[in-house]
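Worksheet: the structure to be examined is printed underneath.
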Amino acid sequence: MKDKLIIKVEGLHKSFDNLEVLKGIDLDVHEGEVISIIGGSGSGKSTLLRCINFLEKKNKGNIFINGKKIKRSANEINKLREKVGMVFQRFNLFPHKTVLKNVMVGPVVIKKKNKEQVEKNALKLLENVGLEDKADVYPAMLSGGQQQRVAIARALAMEPDVLLFDEPTSALDPELVGEVLHVIDKLAKGGMTMLIVTHEMGFAKEVSDRVVFLHEGKIEESGTPTEIFDNPKSERLKSFISSIW
């Protein structure tokens, strides 16, 4: 187990009107740890990530980032998002900005960093995701896989302590999935702390330190990839794995 606790979630509850989506989630994420979150549709996976990044307002429970309890002031949430990066299903790139400007926008606008230094760093990040030759093109000219790699570079440009991936390959054509998973795998090997909601079971087994199985808003089972995929304890997890894998 890694030492430093990056994220601590205690008793997290979230409802949408009368629908209770998260029913008391407890989760610790340590520095350098890669955790994959799996589960059926509607199990609360994406909602959990969105609550951790305060894109959704929790109903009950506490979230700590680097040991600090996060309250819902705009200032605190903006600071939190500098430390907790998010990569979405649908890329969310600015269509009117070039690839390079998309990657630069956070550090320049939010962190007020020196433009010249930010550009240098952004070009390096694009090189790391294999897109240094696309710096001056616009998102519409890229494939879905390329857009998602730009989105990852953009999140990394903020120098976050942890990256949250919300089904990063679900909007991609099958032949483009591998290029995005390759980038995530590279980040994992480099020691990036990550929480990944994914349907890619083979990838989750290969890249994760821990796998968390959500069922109806609760953590049904949590363990190493070998424990979860090769020796599941609960009948629900056995059924889930056999249905998709």
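All residue names refer to the structure tokens as shown: chains lettered A, B, ... in order, residues numbered from 1 in each chain, ligands numbered from 1 in order.
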task: Return as a PyMOL selection string the full set of residues in segment 3-192 of chain A whose backbone-based DSSP assignment is strand (DSSP E).
output: chain A and resi 5-16+19-30+34-39+60-65+68-69+84-87+162-166
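By only C-alpha atoms, and with residues fewer than 6 positions from Met201 of chain A along its chain excluded, the set lying at most 9 Å from it is A:Ile38, A:Phe229, A:Ile241, A:Ile244, A:Trp245.
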Written file, previous selection with N, CA, C and O atoms, as a JSON list (two decimals), in the first residue's frame:
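As a result, again06.json now contains:
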```json
[["chain", "number", "residue", "atom", "x", "y", "z"],
["A", 38, "ILE", "N", -15.58, -0.46, -11.51],
["A", 38, "ILE", "CA", -16.40, -1.20, -12.46],
["A", 38, "ILE", "C", -17.79, -1.40, -11.88],
["A", 38, "ILE", "O", -18.01, -1.22, -10.68],
["A", 229, "PHE", "N", -11.18, -10.41, -10.39],
["A", 229, "PHE", "CA", -11.48, -11.08, -11.66],
["A", 229, "PHE", "C", -11.32, -12.61, -11.61],
["A", 229, "PHE", "O", -12.03, -13.33, -12.29],
["A", 241, "ILE", "N", -19.18, -10.26, -13.91],
["A", 241, "ILE", "CA", -17.99, -10.63, -14.69],
["A", 241, "ILE", "C", -18.34, -11.64, -15.79],
["A", 241, "ILE", "O", -17.92, -11.50, -16.94],
["A", 244, "ILE", "N", -20.07, -9.99, -18.88],
["A", 244, "ILE", "CA", -19.39, -9.07, -19.79],
["A", 244, "ILE", "C", -18.00, -9.55, -20.21],
["A", 244, "ILE", "O", -17.34, -8.92, -21.03],
["A", 245, "TRP", "N", -17.55, -10.63, -19.64],
["A", 245, "TRP", "CA", -16.16, -11.02, -19.90],
["A", 245, "TRP", "C", -16.08, -12.50, -20.19],
["A", 245, "TRP", "O", -16.37, -13.33, -19.40]]
```
Backbone DSSP call of alpha helix (DSSP H) for segment 43-171 of chain A, listed as a VMD selection string: chain A and resid 45 to 52 74 to 83 99 to 105 115 to 128 144 to 157
- prompt: Between A:Phe54, A:Ala171, A:Asn92, A:Thr226, which one has atoms that come closest to Ala74 of chain A, using only C-alpha atoms?
  reply: A:Phe54
Using only C-alpha atoms, which residues of segment 34-112 of chain A come within 9 Å of segment 210-220 of chain A, and what is the closest atom pair for each, with the distance in Å to one decimal? Give it as CSV, sorted by chain and residue number.
```
residue,atom,partner,partner_atom,distance
A:Val34,CA,A:Arg210,CA,6.6
A:Ile35,CA,A:Arg210,CA,4.9
A:Ser36,CA,A:Val211,CA,4.8
A:Ile37,CA,A:Val212,CA,4.8
A:Ile38,CA,A:Phe213,CA,5.0
A:Gly39,CA,A:Leu214,CA,5.0
A:Gly40,CA,A:His215,CA,7.0
A:Gly42,CA,A:Glu216,CA,7.1
A:Ser43,CA,A:Glu216,CA,4.5
A:Gly44,CA,A:Gly217,CA,5.2
A:Lys45,CA,A:Leu214,CA,6.8
A:Leu48,CA,A:Gly217,CA,8.9
```
statement: Using only C-alpha atoms, the shortest atom-to-atom distance to Met86 of chain A among A:Pro139, A:Gly178, A:Gly223, A:Pro168 belongs to A:Pro168
message: So that I can check the surroundings of Ala153 of chain A, please list as a ChimeraX atom specification every protein, DNA and RNA residue that reaches within 7 Å of it, counting only C-alpha atoms and ignoring chain neighbours fewer than 5 positions away.
response: /A:103,125-126,129
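Taking only C-alpha atoms into account, His13 of chain A lies nearest to A:Glu56 out of the set A:Glu227, A:Glu200, A:Glu56, A:Glu33.
The residue set within 10 Å of Gln117 of chain A, counting only C-alpha atoms and dropping same-chain residues fewer than 3 places from it, reads Met104, Pro107, Val108, Lys113, Asn114, Lys120, Asn121 and Ala122 of chain A.
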Limited to N, CA and C atoms, could you put the picked residues into a file as an mmCIF file, in the first residue's frame?
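The resulting part.cif:
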```cif
data_model
loop_
_atom_site.group_PDB
_atom_site.id
_atom_site.type_symbol
_atom_site.label_atom_id
_atom_site.label_comp_id
_atom_site.auth_asym_id
_atom_site.auth_seq_id
_atom_site.Cartn_x
_atom_site.Cartn_y
_atom_site.Cartn_z
ATOM 1 N N MET A 104 -3.089 24.661 -23.191
ATOM 2 C CA MET A 104 -2.531 25.796 -22.450
ATOM 3 C C MET A 104 -3.544 26.546 -21.590
ATOM 4 N N PRO A 107 -3.552 26.338 -17.306
ATOM 5 C CA PRO A 107 -2.444 26.970 -16.595
ATOM 6 C C PRO A 107 -2.358 28.479 -16.803
ATOM 7 N N VAL A 108 -2.724 28.972 -18.009
ATOM 8 C CA VAL A 108 -2.643 30.410 -18.293
ATOM 9 C C VAL A 108 -3.775 31.167 -17.602
ATOM 10 N N LYS A 113 -0.049 31.355 -15.108
ATOM 11 C CA LYS A 113 1.368 31.028 -15.332
ATOM 12 C C LYS A 113 1.905 31.729 -16.570
ATOM 13 N N ASN A 114 3.204 31.824 -16.638
ATOM 14 C CA ASN A 114 3.892 32.454 -17.762
ATOM 15 C C ASN A 114 3.591 31.704 -19.058
ATOM 16 N N LYS A 120 5.747 25.718 -23.709
ATOM 17 C CA LYS A 120 6.823 24.734 -23.736
ATOM 18 C C LYS A 120 6.353 23.409 -23.108
ATOM 19 N N ASN A 121 5.719 23.552 -21.952
ATOM 20 C CA ASN A 121 5.218 22.377 -21.237
ATOM 21 C C ASN A 121 4.110 21.680 -22.030
ATOM 22 N N ALA A 122 3.219 22.483 -22.647
ATOM 23 C CA ALA A 122 2.110 21.925 -23.431
ATOM 24 C C ALA A 122 2.623 21.123 -24.618
#
```
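Restricting the calculation to only C-alpha atoms, the smallest distance between Leu93 of chain A and any of A:Gly144, A:Gly11, A:Pro232, A:Gly61 is found for A:Gly144.
Reported to one decimal place, the separation of atom CA of Val87 of chain A from atom CA of Ile6 of chain A is 17.9 Å.
With only C-alpha atoms as the atoms that count, the residue of A:Val137, A:Leu100, A:Val207, A:Leu237 with the shortest distance to His182 of chain A is A:Val207.
Distances from A:Ile77, A:Ile228, A:Ile70, A:Leu187 to Lys8 of chain A were compared using only C-alpha atoms, and the smallest one belongs to A:Ile70.
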message: Neighbouring residues of Ala188 of chain A were defined as those with any atom within 12 Å, considering only C-alpha atoms; residues of the same chain fewer than 5 positions away were excluded. Please report them as a PyMOL selection string.
response: chain A and resi 31-36+162-163+181-183+193-196+203-204+206-209
